[in-house]
Amino acid sequence: MEHVLSPATLAELRRPRPYPAVSVLTPTHRRDPYNAQDQVRLRNVVAEAKRQLEADPAVSRERRADVARQLDQALSEVDLTHAEDGLAIFAASGEHQVWSLARSVPERVVLSDTFLTRNLVSAQTAERPFWVLSLAADRATLWNGGVDRVVEQRADGFPLTRRVENFDPERQERVGDLPSAFREERTRQFLRETDTAMSTVLREHPRPLYVTGPPAALALLDEVGSATKGAVHVPHGGLAHGTPESVWQAIRPVLETEARRDTDAVARALETARGRREFATGVDELWQSARDGRVRLLAVEENYRVTVSDAGDHLILAESADFESREDIVDEIVEQCLETGADVRFVPDGTLGEADGIAGVLRY
C-alpha cells in the first residue's frame, strides 16, 4: 500500500485517463473492535464499484472486465492488519493503486476520467509528514515520519554505510573520544555524500527535516553540507543504528514543542485578521473564498467533518444519506486552498473556539 504522496505522484494521479478511472474510498480503523468489519465493508464497496461499471452504458465489455480485474488485484493487496484511518483504491485500464490514509474518508465510489485525489491531499497535509536523518560515523539512516511513528526509508540510497577500521561507537562514547571520528577526511566525505543523497530526497519529497546525531556529527554536516542547512538539529547519538521506537521517542518532544508554537502562531494570525476584516469562517464562506483563490491561511481542527449539499450559490448542511451530499467538503476546501498557494494548518480540536472547526485569513 502507498503512503508517500510526492508532487510528481500527485500529478500522475491527476493525469486524465480513458473513462472510467474508478476511485473507491472507505474509512478503516486502527484498533479492535472497530476494525472487525473493515474487510466486509471494503469488499462491499468494491462490489458497488463493479455494479456501477456493469450498469454504465459508456463502458465497453472489454474495458469493464479490465477495470474489474484491476479492482480485484487491488483488493488482494490491501493489508488491513496495518490499517490507518482511511483507504483509497484507484483502478483504471491496465493499472491500480492502493493508498492508506491517516485521515478518515467518506465511503464512496466515483467513476470519472481522473482519480479523486482531494482526500489524499488532505490526509497528507493533516499528517504533517517529515524526514529524520540519523548520523553516525559509519552509517546514515533516513526515517519517514508521520503522526505517531517513524519507519525506516530504504530508498534513494539510504541507508548509507561505510567500513571504518577499528571503529567501535560504544567504546568511543564510553571513553569520550567520539569527536575524533568526525575529524577524519573520510568521514567528511561520507557526510558530503549523505547531504547529496538527502538533497535528492528533499527535491522529490519536500518536507521538514530533522537531523539526529552526536553534536560533532551535526556540526560537521553543517560545515560540509548544503541541502541540510535548514534542518532542525536534535543532538542524540546512536539512532543511526537504532529502532523506529527509539527514534520516535527522541524526536517526539521536538515535534510537540513545534506543534504548540505553530498552533499559537495560527491563533494570533486569525485574531489579527479579525481586526483587519480579513477573517472568514464556516464551510460556505470558505468554500467560495477558496474557489476564488482568496484564502491566504486556512486553519482546520484535526477531526472537523461536516456534510453539506450544494444549493447552487451556497452550501447547506445535509445528512450523510442525502442524495448528492458531499461528506468530504472539508478535504475539498483544503485541496483547493493548497492549489491556490494558501498555507493550510491542522490544529487540535477546540483551538478555533466559536469558529466551529474551520477558519481562514483572506488575501483581500
# chains A, B, ... in the order shown; residues from 1 in each chain; ligands from 1
$ residues_around --residues "segment 145-161 of chain A" --least-positions-apart "2" --cutoff "8 Å" --atoms "only C-alpha atoms" --output "ChimeraX atom specification"
/A:102,127-132,138-143,163,194,197,200-201,244-245,247-248
$ select_by_dssp --residues "segment 88-321 of chain A" --states "helix (DSSP H, G or I)" --output "JSON, numbers by chain"
{"A": [118, 119, 120, 121, 122, 123, 124, 125, 126, 127, 169, 170, 171, 172, 173, 174, 175, 178, 179, 180, 181, 182, 185, 186, 187, 188, 189, 190, 191, 192, 193, 194, 195, 196, 197, 198, 199, 200, 201, 202, 203, 204, 215, 216, 217, 218, 219, 220, 221, 222, 223, 224, 239, 240, 241, 244, 245, 246, 247, 248, 249, 250, 251, 252, 253, 254, 255, 256, 257, 258, 259, 260, 261, 262, 263, 264, 265, 266, 267, 268, 269, 270, 271, 272, 273, 274, 275, 276, 283, 284, 285, 286, 287, 288, 289, 290, 291]}
$ write_last_selection --atoms "C-alpha atoms" --output "mmCIF file, in the first residue's frame"
data_model
loop_
_atom_site.group_PDB
_atom_site.id
_atom_site.type_symbol
_atom_site.label_atom_id
_atom_site.label_comp_id
_atom_site.auth_asym_id
_atom_site.auth_seq_id
_atom_site.Cartn_x
_atom_site.Cartn_y
_atom_site.Cartn_z
ATOM 1 C CA ARG A 118 -8.537 15.517 -2.610
ATOM 2 C CA ASN A 119 -8.744 13.037 0.288
ATOM 3 C CA LEU A 120 -5.113 12.021 -0.267
ATOM 4 C CA VAL A 121 -4.009 15.653 -0.300
ATOM 5 C CA SER A 122 -5.931 16.488 2.855
ATOM 6 C CA ALA A 123 -4.647 13.395 4.681
ATOM 7 C CA GLN A 124 -1.057 14.164 3.698
ATOM 8 C CA THR A 125 -1.399 17.768 4.896
ATOM 9 C CA ALA A 126 -3.033 16.740 8.180
ATOM 10 C CA GLU A 127 -0.359 14.134 8.837
ATOM 11 C CA PRO A 169 30.962 3.588 18.613
ATOM 12 C CA GLU A 170 30.116 2.204 22.062
ATOM 13 C CA ARG A 171 33.763 2.407 23.137
ATOM 14 C CA GLN A 172 34.153 5.901 21.732
ATOM 15 C CA GLU A 173 31.074 7.101 23.589
ATOM 16 C CA ARG A 174 32.333 5.401 26.767
ATOM 17 C CA VAL A 175 35.872 6.838 26.725
ATOM 18 C CA LEU A 178 33.786 10.227 19.719
ATOM 19 C CA PRO A 179 34.554 13.654 18.152
ATOM 20 C CA SER A 180 37.801 12.254 16.716
ATOM 21 C CA ALA A 181 35.800 10.072 14.323
ATOM 22 C CA PHE A 182 34.343 13.243 12.815
ATOM 23 C CA GLU A 185 38.631 13.381 5.921
ATOM 24 C CA ARG A 186 36.894 10.115 5.038
ATOM 25 C CA THR A 187 34.127 10.976 7.497
ATOM 26 C CA ARG A 188 33.812 14.434 5.958
ATOM 27 C CA GLN A 189 33.428 12.844 2.528
ATOM 28 C CA PHE A 190 30.853 10.392 3.884
ATOM 29 C CA LEU A 191 28.736 13.237 5.244
ATOM 30 C CA ARG A 192 29.047 15.118 1.932
ATOM 31 C CA GLU A 193 27.646 12.029 0.209
ATOM 32 C CA THR A 194 24.882 11.869 2.808
ATOM 33 C CA ASP A 195 23.997 15.519 2.181
ATOM 34 C CA THR A 196 23.860 14.891 -1.584
ATOM 35 C CA ALA A 197 21.568 11.885 -1.122
ATOM 36 C CA MET A 198 19.332 13.904 1.208
ATOM 37 C CA SER A 199 19.163 16.672 -1.395
ATOM 38 C CA THR A 200 17.677 14.207 -3.883
ATOM 39 C CA VAL A 201 15.062 13.074 -1.358
ATOM 40 C CA LEU A 202 14.048 16.651 -0.484
ATOM 41 C CA ARG A 203 13.779 17.587 -4.143
ATOM 42 C CA GLU A 204 11.389 14.706 -4.831
ATOM 43 C CA PRO A 215 26.997 17.213 18.347
ATOM 44 C CA ALA A 216 30.253 16.686 16.434
ATOM 45 C CA ALA A 217 28.380 14.992 13.593
ATOM 46 C CA LEU A 218 25.760 17.744 13.428
ATOM 47 C CA ALA A 219 28.426 20.442 13.331
ATOM 48 C CA LEU A 220 30.376 18.676 10.589
ATOM 49 C CA LEU A 221 27.254 18.135 8.456
ATOM 50 C CA ASP A 222 26.508 21.858 8.676
ATOM 51 C CA GLU A 223 30.084 22.575 7.622
ATOM 52 C CA VAL A 224 30.264 20.275 4.596
ATOM 53 C CA LEU A 239 19.926 6.490 16.388
ATOM 54 C CA ALA A 240 21.548 5.662 13.034
ATOM 55 C CA HIS A 241 21.744 2.106 14.410
ATOM 56 C CA PRO A 244 11.977 3.202 14.950
ATOM 57 C CA GLU A 245 10.652 3.470 18.505
ATOM 58 C CA SER A 246 13.919 4.924 19.840
ATOM 59 C CA VAL A 247 13.958 7.493 17.039
ATOM 60 C CA TRP A 248 10.313 8.387 17.674
ATOM 61 C CA GLN A 249 10.897 8.892 21.389
ATOM 62 C CA ALA A 250 13.861 11.170 20.650
ATOM 63 C CA ILE A 251 12.047 13.286 18.076
ATOM 64 C CA ARG A 252 8.597 13.408 19.696
ATOM 65 C CA PRO A 253 9.304 16.198 22.253
ATOM 66 C CA VAL A 254 10.716 18.393 19.468
ATOM 67 C CA LEU A 255 7.619 17.833 17.330
ATOM 68 C CA GLU A 256 5.281 18.585 20.233
ATOM 69 C CA THR A 257 7.083 21.843 21.013
ATOM 70 C CA GLU A 258 6.931 22.920 17.378
ATOM 71 C CA ALA A 259 3.248 21.956 17.118
ATOM 72 C CA ARG A 260 2.364 24.128 20.135
ATOM 73 C CA ARG A 261 4.333 27.020 18.683
ATOM 74 C CA ASP A 262 2.623 26.637 15.291
ATOM 75 C CA THR A 263 -0.845 26.476 16.876
ATOM 76 C CA ASP A 264 -0.162 29.662 18.822
ATOM 77 C CA ALA A 265 1.021 31.388 15.639
ATOM 78 C CA VAL A 266 -2.157 30.351 13.790
ATOM 79 C CA ALA A 267 -4.335 31.666 16.630
ATOM 80 C CA ARG A 268 -2.519 35.024 16.556
ATOM 81 C CA ALA A 269 -2.863 35.274 12.782
ATOM 82 C CA LEU A 270 -6.611 34.622 12.963
ATOM 83 C CA GLU A 271 -7.058 37.177 15.739
ATOM 84 C CA THR A 272 -5.167 39.803 13.731
ATOM 85 C CA ALA A 273 -7.289 39.011 10.685
ATOM 86 C CA ARG A 274 -10.465 39.692 12.668
ATOM 87 C CA GLY A 275 -9.293 43.228 13.374
ATOM 88 C CA ARG A 276 -8.442 43.800 9.706
ATOM 89 C CA VAL A 283 -17.580 25.935 5.105
ATOM 90 C CA ASP A 284 -19.918 28.016 2.923
ATOM 91 C CA GLU A 285 -17.849 31.202 3.091
ATOM 92 C CA LEU A 286 -14.528 29.389 2.896
ATOM 93 C CA TRP A 287 -15.644 27.143 0.036
ATOM 94 C CA GLN A 288 -16.432 30.223 -2.056
ATOM 95 C CA SER A 289 -13.284 32.070 -0.950
ATOM 96 C CA ALA A 290 -11.147 29.017 -1.755
ATOM 97 C CA ARG A 291 -12.619 28.755 -5.255
#
$ atom_distance --atom1 "atom CA of Gln52 of chain A" --atom2 "atom CA of Leu111 of chain A"
8.2 Å
$ atom_distance --atom1 "atom CA of Thr81 of chain A" --atom2 "atom CA of Leu25 of chain A"
17.7 Å
$ closest_residue --among "A:Thr243, A:Ser60, A:Tyr210, A:Thr117" --to "Lys229 of chain A" --atoms "only C-alpha atoms"
A:Tyr210
$ atom_distance --atom1 "atom CA of Thr9 of chain A" --atom2 "atom CA of Val330 of chain A"
22.2 Å
$ decode --residues "segment 95-120 of chain A" --atoms "N, CA and C atoms" --output "mmCIF file, in the first residue's frame"
data_model
loop_
_atom_site.group_PDB
_atom_site.id
_atom_site.type_symbol
_atom_site.label_atom_id
_atom_site.label_comp_id
_atom_site.auth_asym_id
_atom_site.auth_seq_id
_atom_site.Cartn_x
_atom_site.Cartn_y
_atom_site.Cartn_z
ATOM 1 N N GLU A 95 -4.092 -0.591 -14.788
ATOM 2 C CA GLU A 95 -3.378 -0.074 -13.611
ATOM 3 C C GLU A 95 -4.282 -0.049 -12.381
ATOM 4 N N HIS A 96 -3.632 -0.063 -11.233
ATOM 5 C CA HIS A 96 -4.337 0.126 -9.967
ATOM 6 C C HIS A 96 -3.344 0.557 -8.899
ATOM 7 N N GLN A 97 -3.845 1.228 -7.859
ATOM 8 C CA GLN A 97 -3.049 1.636 -6.710
ATOM 9 C C GLN A 97 -3.914 1.535 -5.462
ATOM 10 N N VAL A 98 -3.253 1.273 -4.330
ATOM 11 C CA VAL A 98 -3.922 1.238 -3.031
ATOM 12 C C VAL A 98 -3.203 2.213 -2.114
ATOM 13 N N TRP A 99 -3.959 3.134 -1.518
ATOM 14 C CA TRP A 99 -3.389 4.147 -0.630
ATOM 15 C C TRP A 99 -3.980 4.013 0.766
ATOM 16 N N SER A 100 -3.114 3.986 1.774
ATOM 17 C CA SER A 100 -3.533 4.015 3.168
ATOM 18 C C SER A 100 -3.409 5.449 3.666
ATOM 19 N N LEU A 101 -4.464 5.937 4.332
ATOM 20 C CA LEU A 101 -4.535 7.345 4.721
ATOM 21 C C LEU A 101 -4.672 7.492 6.228
ATOM 22 N N ALA A 102 -3.951 8.459 6.774
ATOM 23 C CA ALA A 102 -4.022 8.735 8.213
ATOM 24 C C ALA A 102 -5.096 9.765 8.521
ATOM 25 N N ARG A 103 -6.178 9.733 7.776
ATOM 26 C CA ARG A 103 -7.327 10.625 7.981
ATOM 27 C C ARG A 103 -8.548 9.917 7.422
ATOM 28 N N SER A 104 -9.649 9.979 8.151
ATOM 29 C CA SER A 104 -10.850 9.273 7.723
ATOM 30 C C SER A 104 -11.395 9.862 6.417
ATOM 31 N N VAL A 105 -12.036 9.002 5.638
ATOM 32 C CA VAL A 105 -12.637 9.421 4.370
ATOM 33 C C VAL A 105 -14.077 8.922 4.330
ATOM 34 N N PRO A 106 -14.934 9.558 3.551
ATOM 35 C CA PRO A 106 -16.300 9.047 3.397
ATOM 36 C C PRO A 106 -16.298 7.836 2.483
ATOM 37 N N GLU A 107 -17.235 6.940 2.684
ATOM 38 C CA GLU A 107 -17.360 5.795 1.787
ATOM 39 C C GLU A 107 -18.009 6.261 0.488
ATOM 40 N N ARG A 108 -17.328 6.033 -0.619
ATOM 41 C CA ARG A 108 -17.895 6.463 -1.898
ATOM 42 C C ARG A 108 -17.200 5.778 -3.050
ATOM 43 N N VAL A 109 -17.876 5.755 -4.191
ATOM 44 C CA VAL A 109 -17.335 5.249 -5.454
ATOM 45 C C VAL A 109 -17.534 6.342 -6.498
ATOM 46 N N VAL A 110 -16.465 6.682 -7.215
ATOM 47 C CA VAL A 110 -16.532 7.728 -8.247
ATOM 48 C C VAL A 110 -15.961 7.175 -9.539
ATOM 49 N N LEU A 111 -16.735 7.272 -10.621
ATOM 50 C CA LEU A 111 -16.263 6.930 -11.962
ATOM 51 C C LEU A 111 -16.083 8.226 -12.736
ATOM 52 N N SER A 112 -14.868 8.467 -13.211
ATOM 53 C CA SER A 112 -14.574 9.712 -13.906
ATOM 54 C C SER A 112 -13.437 9.461 -14.889
ATOM 55 N N ASP A 113 -12.843 10.560 -15.396
ATOM 56 C CA ASP A 113 -11.674 10.406 -16.266
ATOM 57 C C ASP A 113 -10.388 10.763 -15.532
ATOM 58 N N THR A 114 -10.473 11.036 -14.222
ATOM 59 C CA THR A 114 -9.313 11.225 -13.353
ATOM 60 C C THR A 114 -9.622 10.576 -12.011
ATOM 61 N N PHE A 115 -8.591 10.308 -11.245
ATOM 62 C CA PHE A 115 -8.795 9.776 -9.904
ATOM 63 C C PHE A 115 -9.124 10.904 -8.928
ATOM 64 N N LEU A 116 -9.870 10.566 -7.887
ATOM 65 C CA LEU A 116 -10.256 11.533 -6.855
ATOM 66 C C LEU A 116 -9.104 11.665 -5.849
ATOM 67 N N THR A 117 -8.434 12.804 -5.854
ATOM 68 C CA THR A 117 -7.215 12.948 -5.053
ATOM 69 C C THR A 117 -7.369 13.830 -3.827
ATOM 70 N N ARG A 118 -8.488 14.510 -3.671
ATOM 71 C CA ARG A 118 -8.537 15.517 -2.610
ATOM 72 C C ARG A 118 -8.408 14.915 -1.217
ATOM 73 N N ASN A 119 -8.879 13.667 -1.026
ATOM 74 C CA ASN A 119 -8.744 13.037 0.288
ATOM 75 C C ASN A 119 -7.289 12.669 0.583
ATOM 76 N N LEU A 120 -6.534 12.291 -0.446
ATOM 77 C CA LEU A 120 -5.113 12.021 -0.267
ATOM 78 C C LEU A 120 -4.371 13.287 0.123
#
